[in-house]
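Reviewing the structure listed below.
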Number of protein chains: 2
Amino acid sequence: MSSLRERRKAETRQLLQRQALRLFQRDGYDQTTMNAIAEAAGVSAMTVYRHFPTKEDLVIWDEYTPVSIEALSHSPADDPLVRRIGHALIQTANAATTPDHRDLLLARLQLMVEVPALRARHLDNQYATQDAIVTALCGDDPDPDQEFQTRAISGACLGATHIALVHWARTDGKQHLPTLIHDALTATFPADFT
Amino acid sequence: MSSLRERRKAETRQLLQRQALRLFQRDGYDQTTMNAIAEAAGVSAMTVYRHFPTKEDLVIWDEYTPVSIEALSHSPADDPLVRRIGHALIQTANAATTPDHRDLLLARLQLMVEVPALRARHLDNQYATQDAIVTALCGDDPDPDQEFQTRAISGACLGATHIALVHWARTDGKQHLPTLIHDALTATFPADFT
DNA sequence: CCTCAAGTGGTAGTTACTAACACTTTGATA
DNA sequence: TATCAAAGTGTTAGTAACTACCACTTGAGG
């Protein structure tokens, strides 16, 4: 059920994020105040905070919330963990299909790479993703040793993936993102990953 | 040359960090104001900011600044990268020898695991460490492909190391930290790492 | 002893963010 | 259709992290 109210809400959210990104790119992240963003979107400052609890969230929030964790639990259980996790990560990157979505992702990532506060938040988000991966693979009440191992491997996969994201942002998205992630994983796990 | 002035400076820094950590542990990070820390240390708020530019730095700053990057460039160049980087990371953890240093490290890490803002900053610091590793291994003007590979591998090693740190903090430092890091790396790279 | 620079304190500001209250609009029900 | 509860928005006043600026004290070196 997509009521008028929910559609308006989604529209305001989108408008706010796009105006914020525009101003961040034009004037810099630190130089842009929340009041300026509110004004640019034609709403009050409070409304911005209602939609995005912090300034960082204006960049971090992903409209499409991809993260295909689902794919993980359905992947063949006898595959090596590195391969299962890696393919899920590549698949997530493949979700950004439309040019519009891709451009938005690129603008956000470039900010996340350049601005220290955003970079930190982004890394913490990846850490949360790692938790989700471990839960998807190990269930709610796993064997501690197995969980430790799964956590280490997913941490390593995300660490490798991250540098692919940074490289993609730094080169203005010229290369194919899923391929970049694939290359980073192959460089790290030449045996397990093909 | 350790003049009186420099010694006083170092003492004030230590005092400030220890008082801050004490208050953070007692009252919580967000609940503790910079003014309260200044008061507890018997200085003005301005002085706190002179020594630690942000509140986060009170926890992040490491008196001993270990990070034995030096060891990297002196490790045998024909060893696999995973082994070279891994051993350097373990060696860094081994630097925390005295009980005092260890307790301080544990208190700081526990805050870094629990408090989102600190967790994010810590991850960003690890990212900076990754840069230092890549520079130490590849030099200043490396071959792009080789740099990409090195970056991916060190990202993966740090990702695996991070979960060892988190596990150590969560279990109140009961286990041997270098061993934990070793285990995480072994779980991730069973072939390259022994 | 004198001078200079480093360290410290005070004040006034900016800005992200919160709490509390009033007002408007929307969606569903009598 | 009239009405009412809930969701969304605005306003105001406040807190706390951080900065810029200026004045003061104290240690280092000639």
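Letters A, B, ... go to the chains of the structure tokens in the order shown; residues in each chain start at 1; ligands are counted from 1 in the same order.
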- Do a neighbour search on stretch 98-114 of chain A at 12 Å with only C-alpha atoms (C1' of nucleotides), toss out local chain neighbours closer than 5 positions, and write the hits as an NGL selection string. (:A and (14 or 17-26 or 28-30 or 56-66 or 93 or 119-125 or 162-177)) or (:B and (124 or 127))
Please produce an output containing C-alpha atoms for each residue in the selection, written as a tab-separated table (two decimals), in the first residue's frame.
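Below is the file that was written, part29.tsv:
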```tsv
chain	number	residue	atom	x	y	z
A	14	GLN	CA	14.75	12.29	-2.28
A	17	GLN	CA	19.18	14.21	-0.37
A	18	ARG	CA	19.61	15.52	-3.90
A	19	GLN	CA	19.69	19.15	-2.80
A	20	ALA	CA	22.16	18.25	-0.04
A	21	LEU	CA	24.45	16.41	-2.44
A	22	ARG	CA	24.29	19.30	-4.88
A	23	LEU	CA	25.31	21.79	-2.20
A	24	PHE	CA	27.97	19.47	-0.77
A	25	GLN	CA	29.55	19.12	-4.21
A	26	ARG	CA	29.32	22.85	-4.92
A	28	GLY	CA	31.97	21.44	0.30
A	29	TYR	CA	30.50	19.27	3.04
A	30	ASP	CA	31.69	21.25	6.06
A	56	GLU	CA	26.02	12.39	7.56
A	57	ASP	CA	22.87	10.41	6.86
A	58	LEU	CA	22.09	12.77	3.99
A	59	VAL	CA	25.01	11.15	2.18
A	60	ILE	CA	25.01	7.70	3.70
A	61	TRP	CA	21.35	6.84	3.15
A	62	ASP	CA	20.72	4.62	0.16
A	63	GLU	CA	17.34	4.95	-1.42
A	64	TYR	CA	17.52	1.50	-2.88
A	65	THR	CA	19.11	-0.26	0.10
A	66	PRO	CA	20.56	-3.02	-2.05
A	93	ALA	CA	27.16	-3.84	-6.96
A	119	ARG	CA	34.51	7.96	5.31
A	120	ALA	CA	34.36	6.86	8.92
A	121	ARG	CA	30.60	6.45	8.84
A	122	HIS	CA	30.81	4.47	5.63
A	123	LEU	CA	33.36	2.10	7.11
A	124	ASP	CA	31.16	1.63	10.15
A	125	ASN	CA	28.29	0.79	7.80
A	162	HIS	CA	36.19	-1.40	0.01
A	163	ILE	CA	39.31	-0.58	-1.91
A	164	ALA	CA	37.47	-1.43	-5.11
A	165	LEU	CA	34.79	1.10	-4.15
A	166	VAL	CA	37.42	3.74	-3.39
A	167	HIS	CA	39.19	3.06	-6.66
A	168	TRP	CA	35.92	3.32	-8.55
A	169	ALA	CA	35.11	6.67	-6.93
A	170	ARG	CA	38.62	8.02	-7.47
A	171	THR	CA	38.53	7.19	-11.19
A	172	ASP	CA	35.10	8.88	-11.60
A	173	GLY	CA	33.32	5.58	-12.14
A	174	LYS	CA	34.97	5.00	-15.50
A	175	GLN	CA	35.47	1.28	-14.90
A	176	HIS	CA	32.90	-1.44	-14.30
A	177	LEU	CA	32.31	-1.64	-10.56
B	124	ASP	CA	39.01	5.19	9.54
B	127	TYR	CA	42.16	2.71	6.74
```
- Item | Shell around C:DT18 at 12 Å using only C-alpha atoms (C1' of nucleotides), local window under 4 positions removed, as a list in words |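 My reading of the contact set: Met46, Tyr49, Arg50, Pro53 and Thr54 of chain A; DA13, DG14, DT15 and DA16 of chain D.
Separating atom CA of B:Ala117 from atom CA of B:Ala10 is a distance of 25.7 Å.
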- Task: Pull out every residue of chain C sitting within 8 Å of chain A, counting only C-alpha atoms (C1' of nucleotides), and send them as a VMD selection string.
- Result: chain C and resid 15 to 17 26
- Task: Could you please select, counting only C-alpha atoms (C1' of nucleotides), the residues of chain D within 10 Å of chain B and state them as JSON, numbers by chain?
- Result: {"D": [16, 17, 18, 26, 27, 28]}
Would you save the residues from that selection as a PDB file, in the first residue's frame, using N, CA, C and O atoms (P, O5', C5', C4', C3', O3' and C1' of nucleotides)?
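Wrote it out as again-v9.pdb, contents follow:
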```pdb
ATOM      1  P    DA D  16      24.940  19.961  28.066  1.00  0.00           P
ATOM      2  O5'  DA D  16      25.969  19.747  26.881  1.00  0.00           O
ATOM      3  C5'  DA D  16      25.663  18.801  25.866  1.00  0.00           C
ATOM      4  C4'  DA D  16      26.625  18.958  24.730  1.00  0.00           C
ATOM      5  C3'  DA D  16      28.062  19.276  25.146  1.00  0.00           C
ATOM      6  O3'  DA D  16      28.947  18.552  24.322  1.00  0.00           O
ATOM      7  C1'  DA D  16      27.305  20.908  23.664  1.00  0.00           C
ATOM      8  P    DA D  17      30.443  18.252  24.716  1.00  0.00           P
ATOM      9  O5'  DA D  17      31.158  18.268  23.303  1.00  0.00           O
ATOM     10  C5'  DA D  17      30.602  17.504  22.242  1.00  0.00           C
ATOM     11  C4'  DA D  17      30.927  18.161  20.925  1.00  0.00           C
ATOM     12  C3'  DA D  17      32.407  18.448  20.708  1.00  0.00           C
ATOM     13  O3'  DA D  17      32.745  18.151  19.354  1.00  0.00           O
ATOM     14  C1'  DA D  17      31.165  20.454  20.483  1.00  0.00           C
ATOM     15  P    DC D  18      34.301  17.857  19.018  1.00  0.00           P
ATOM     16  O5'  DC D  18      34.821  19.320  18.699  1.00  0.00           O
ATOM     17  C5'  DC D  18      34.423  19.834  17.444  1.00  0.00           C
ATOM     18  C4'  DC D  18      34.517  21.329  17.418  1.00  0.00           C
ATOM     19  C3'  DC D  18      35.918  21.918  17.484  1.00  0.00           C
ATOM     20  O3'  DC D  18      36.332  22.227  16.162  1.00  0.00           O
ATOM     21  C1'  DC D  18      34.246  23.293  18.485  1.00  0.00           C
ATOM     22  P    DT D  26      53.106  32.182  36.520  1.00  0.00           P
ATOM     23  O5'  DT D  26      54.049  31.270  35.650  1.00  0.00           O
ATOM     24  C5'  DT D  26      53.492  30.151  34.925  1.00  0.00           C
ATOM     25  C4'  DT D  26      54.521  29.617  33.947  1.00  0.00           C
ATOM     26  C3'  DT D  26      55.955  29.562  34.498  1.00  0.00           C
ATOM     27  O3'  DT D  26      56.563  28.362  34.052  1.00  0.00           O
ATOM     28  C1'  DT D  26      55.937  30.734  32.496  1.00  0.00           C
ATOM     29  P    DG D  27      57.632  27.605  35.021  1.00  0.00           P
ATOM     30  O5'  DG D  27      58.698  27.047  33.961  1.00  0.00           O
ATOM     31  C5'  DG D  27      58.304  26.031  33.062  1.00  0.00           C
ATOM     32  C4'  DG D  27      58.951  26.241  31.716  1.00  0.00           C
ATOM     33  C3'  DG D  27      60.474  26.085  31.695  1.00  0.00           C
ATOM     34  O3'  DG D  27      60.852  25.276  30.594  1.00  0.00           O
ATOM     35  C1'  DG D  27      59.869  28.204  30.817  1.00  0.00           C
ATOM     36  P    DA D  28      62.354  24.786  30.435  1.00  0.00           P
ATOM     37  O5'  DA D  28      62.880  25.731  29.258  1.00  0.00           O
ATOM     38  C5'  DA D  28      62.420  25.498  27.931  1.00  0.00           C
ATOM     39  C4'  DA D  28      63.247  26.285  26.934  1.00  0.00           C
ATOM     40  C3'  DA D  28      64.756  26.090  27.051  1.00  0.00           C
ATOM     41  O3'  DA D  28      65.326  26.038  25.753  1.00  0.00           O
ATOM     42  C1'  DA D  28      64.206  28.372  27.422  1.00  0.00           C
TER      43       DA D  28
END
```
- Task: Identify all residues of stretch 74-112 of chain B in helix (DSSP H, G or I) (DSSP on the backbone) and supply them as an NGL selection string.
- Result: :B and (74 or 81-94 or 99-112)
Please write the residues from the selection above to a file, keeping C-alpha atoms, as a PDB file, in the first residue's frame.
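Once written, again.pdb looks like this:
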```pdb
ATOM      1  CA  HIS B  74      62.701  -5.163   6.296  1.00  0.00           C
ATOM      2  CA  LEU B  81      52.270 -10.400   1.028  1.00  0.00           C
ATOM      3  CA  VAL B  82      49.732 -11.880   3.399  1.00  0.00           C
ATOM      4  CA  ARG B  83      52.476 -13.293   5.568  1.00  0.00           C
ATOM      5  CA  ARG B  84      54.550 -10.107   5.574  1.00  0.00           C
ATOM      6  CA  ILE B  85      51.597  -7.897   6.480  1.00  0.00           C
ATOM      7  CA  GLY B  86      50.180 -10.374   8.964  1.00  0.00           C
ATOM      8  CA  HIS B  87      53.419 -10.707  10.888  1.00  0.00           C
ATOM      9  CA  ALA B  88      53.772  -6.930  11.075  1.00  0.00           C
ATOM     10  CA  LEU B  89      50.270  -6.649  12.529  1.00  0.00           C
ATOM     11  CA  ILE B  90      50.915  -9.341  15.107  1.00  0.00           C
ATOM     12  CA  GLN B  91      54.177  -7.678  16.032  1.00  0.00           C
ATOM     13  CA  THR B  92      52.336  -4.422  16.599  1.00  0.00           C
ATOM     14  CA  ALA B  93      49.976  -6.136  19.004  1.00  0.00           C
ATOM     15  CA  ASN B  94      52.972  -7.562  20.837  1.00  0.00           C
ATOM     16  CA  PRO B  99      50.011  -4.282  32.382  1.00  0.00           C
ATOM     17  CA  ASP B 100      49.452  -0.541  32.489  1.00  0.00           C
ATOM     18  CA  HIS B 101      49.686  -0.164  28.743  1.00  0.00           C
ATOM     19  CA  ARG B 102      47.527  -3.226  28.218  1.00  0.00           C
ATOM     20  CA  ASP B 103      44.757  -1.992  30.530  1.00  0.00           C
ATOM     21  CA  LEU B 104      44.753   1.383  28.825  1.00  0.00           C
ATOM     22  CA  LEU B 105      44.537  -0.256  25.416  1.00  0.00           C
ATOM     23  CA  LEU B 106      41.691  -2.479  26.560  1.00  0.00           C
ATOM     24  CA  ALA B 107      39.693   0.428  28.009  1.00  0.00           C
ATOM     25  CA  ARG B 108      40.164   2.417  24.837  1.00  0.00           C
ATOM     26  CA  LEU B 109      39.244  -0.489  22.562  1.00  0.00           C
ATOM     27  CA  GLN B 110      36.112  -1.297  24.550  1.00  0.00           C
ATOM     28  CA  LEU B 111      34.934   2.262  24.043  1.00  0.00           C
ATOM     29  CA  MET B 112      35.858   2.081  20.375  1.00  0.00           C
TER      30      MET B 112
END
```
- Item | Who sits within 10 Å of C:DC23, only C-alpha atoms (C1' of nucleotides), same chain under 2 positions skipped, as a list in words |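 Neighbouring residues, sequence-local ones excluded: DC21 and DT25 of chain C; DT9 and DG10 of chain D.
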Selection: 9 Å around A:Thr129, only C-alpha atoms (C1' of nucleotides), excl. self and same-chain fewer than 4 positions, as a tab-separated table (two decimals) with N, CA and C atoms, in the first residue's frame:
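The result, written out as part_19.tsv:
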```tsv
chain	number	residue	atom	x	y	z
A	67	VAL	N	22.17	-4.40	-0.88
A	67	VAL	CA	22.69	-5.43	0.02
A	67	VAL	C	21.88	-6.72	-0.08
A	69	ILE	N	21.64	-9.65	0.92
A	69	ILE	CA	22.02	-10.64	1.91
A	69	ILE	C	21.25	-11.95	1.65
A	124	ASP	N	31.96	2.21	9.08
A	124	ASP	CA	31.16	1.63	10.15
A	124	ASP	C	29.94	0.92	9.57
A	125	ASN	N	29.40	1.46	8.49
A	125	ASN	CA	28.29	0.79	7.80
A	125	ASN	C	28.73	-0.56	7.26
A	133	ILE	N	26.07	-10.32	7.28
A	133	ILE	CA	26.58	-11.48	6.53
A	133	ILE	C	26.78	-12.67	7.46
A	134	VAL	N	27.41	-12.39	8.60
A	134	VAL	CA	27.68	-13.47	9.55
A	134	VAL	C	26.39	-14.08	10.04
A	158	LEU	N	35.17	-7.79	2.83
A	158	LEU	CA	34.69	-6.41	2.80
A	158	LEU	C	35.87	-5.44	2.72
```
Each chain A residue no farther than 6 Å from chain B, nearest pair in Å, only C-alpha atoms, as JSON lines:
```
{"residue": "A:Ala120", "atom": "CA", "partner": "B:Ala120", "partner_atom": "CA", "distance": 4.6}
{"residue": "A:Arg121", "atom": "CA", "partner": "B:Ala120", "partner_atom": "CA", "distance": 5.5}
{"residue": "A:Asp124", "atom": "CA", "partner": "B:Ala120", "partner_atom": "CA", "distance": 5.0}
{"residue": "A:Gln149", "atom": "CA", "partner": "B:Ala187", "partner_atom": "CA", "distance": 5.4}
{"residue": "A:Ala152", "atom": "CA", "partner": "B:Ala160", "partner_atom": "CA", "distance": 4.5}
{"residue": "A:Ile153", "atom": "CA", "partner": "B:Thr188", "partner_atom": "CA", "distance": 5.0}
{"residue": "A:Gly155", "atom": "CA", "partner": "B:Gly159", "partner_atom": "CA", "distance": 4.5}
{"residue": "A:Ala156", "atom": "CA", "partner": "B:Ala156", "partner_atom": "CA", "distance": 3.7}
{"residue": "A:Gly159", "atom": "CA", "partner": "B:Gly155", "partner_atom": "CA", "distance": 4.5}
{"residue": "A:Ala160", "atom": "CA", "partner": "B:Ala152", "partner_atom": "CA", "distance": 4.5}
{"residue": "A:Ala184", "atom": "CA", "partner": "B:Ala152", "partner_atom": "CA", "distance": 5.6}
{"residue": "A:Ala187", "atom": "CA", "partner": "B:Gln149", "partner_atom": "CA", "distance": 5.4}
{"residue": "A:Thr188", "atom": "CA", "partner": "B:Ile153", "partner_atom": "CA", "distance": 5.0}
```
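Compared by their closest atoms to A:Thr194, and using only C-alpha atoms, the residues A:Leu137, A:Thr97, A:Thr179, A:His51 rank with A:Thr179 nearest.
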So that I can see what lies close to D:DA6, please list as a short mmCIF file (atom, residue, chain, number, x, y, z; two decimals) with C-alpha atoms (C1' of nucleotides), in the first residue's frame the residues with an atom at most 10 Å from it, counting only C-alpha atoms (C1' of nucleotides) and leaving out residues fewer than 2 positions away in the same chain.
```
data_model
loop_
_atom_site.label_atom_id
_atom_site.label_comp_id
_atom_site.auth_asym_id
_atom_site.auth_seq_id
_atom_site.Cartn_x
_atom_site.Cartn_y
_atom_site.Cartn_z
"C1'" DT C 26 -4.20 13.20 5.43
"C1'" DG C 27 -6.66 8.74 5.85
"C1'" DC D 4 -11.34 12.32 14.60
"C1'" DG D 8 4.03 15.71 9.11
#
```
- Query: In Å to one decimal, how far is atom CA of B:Gln31 from atom C1' of C:DG9?
  - Reply: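 Interatomic distance, atom C1' of C:DG9 to atom CA of B:Gln31: 24.8 Å.
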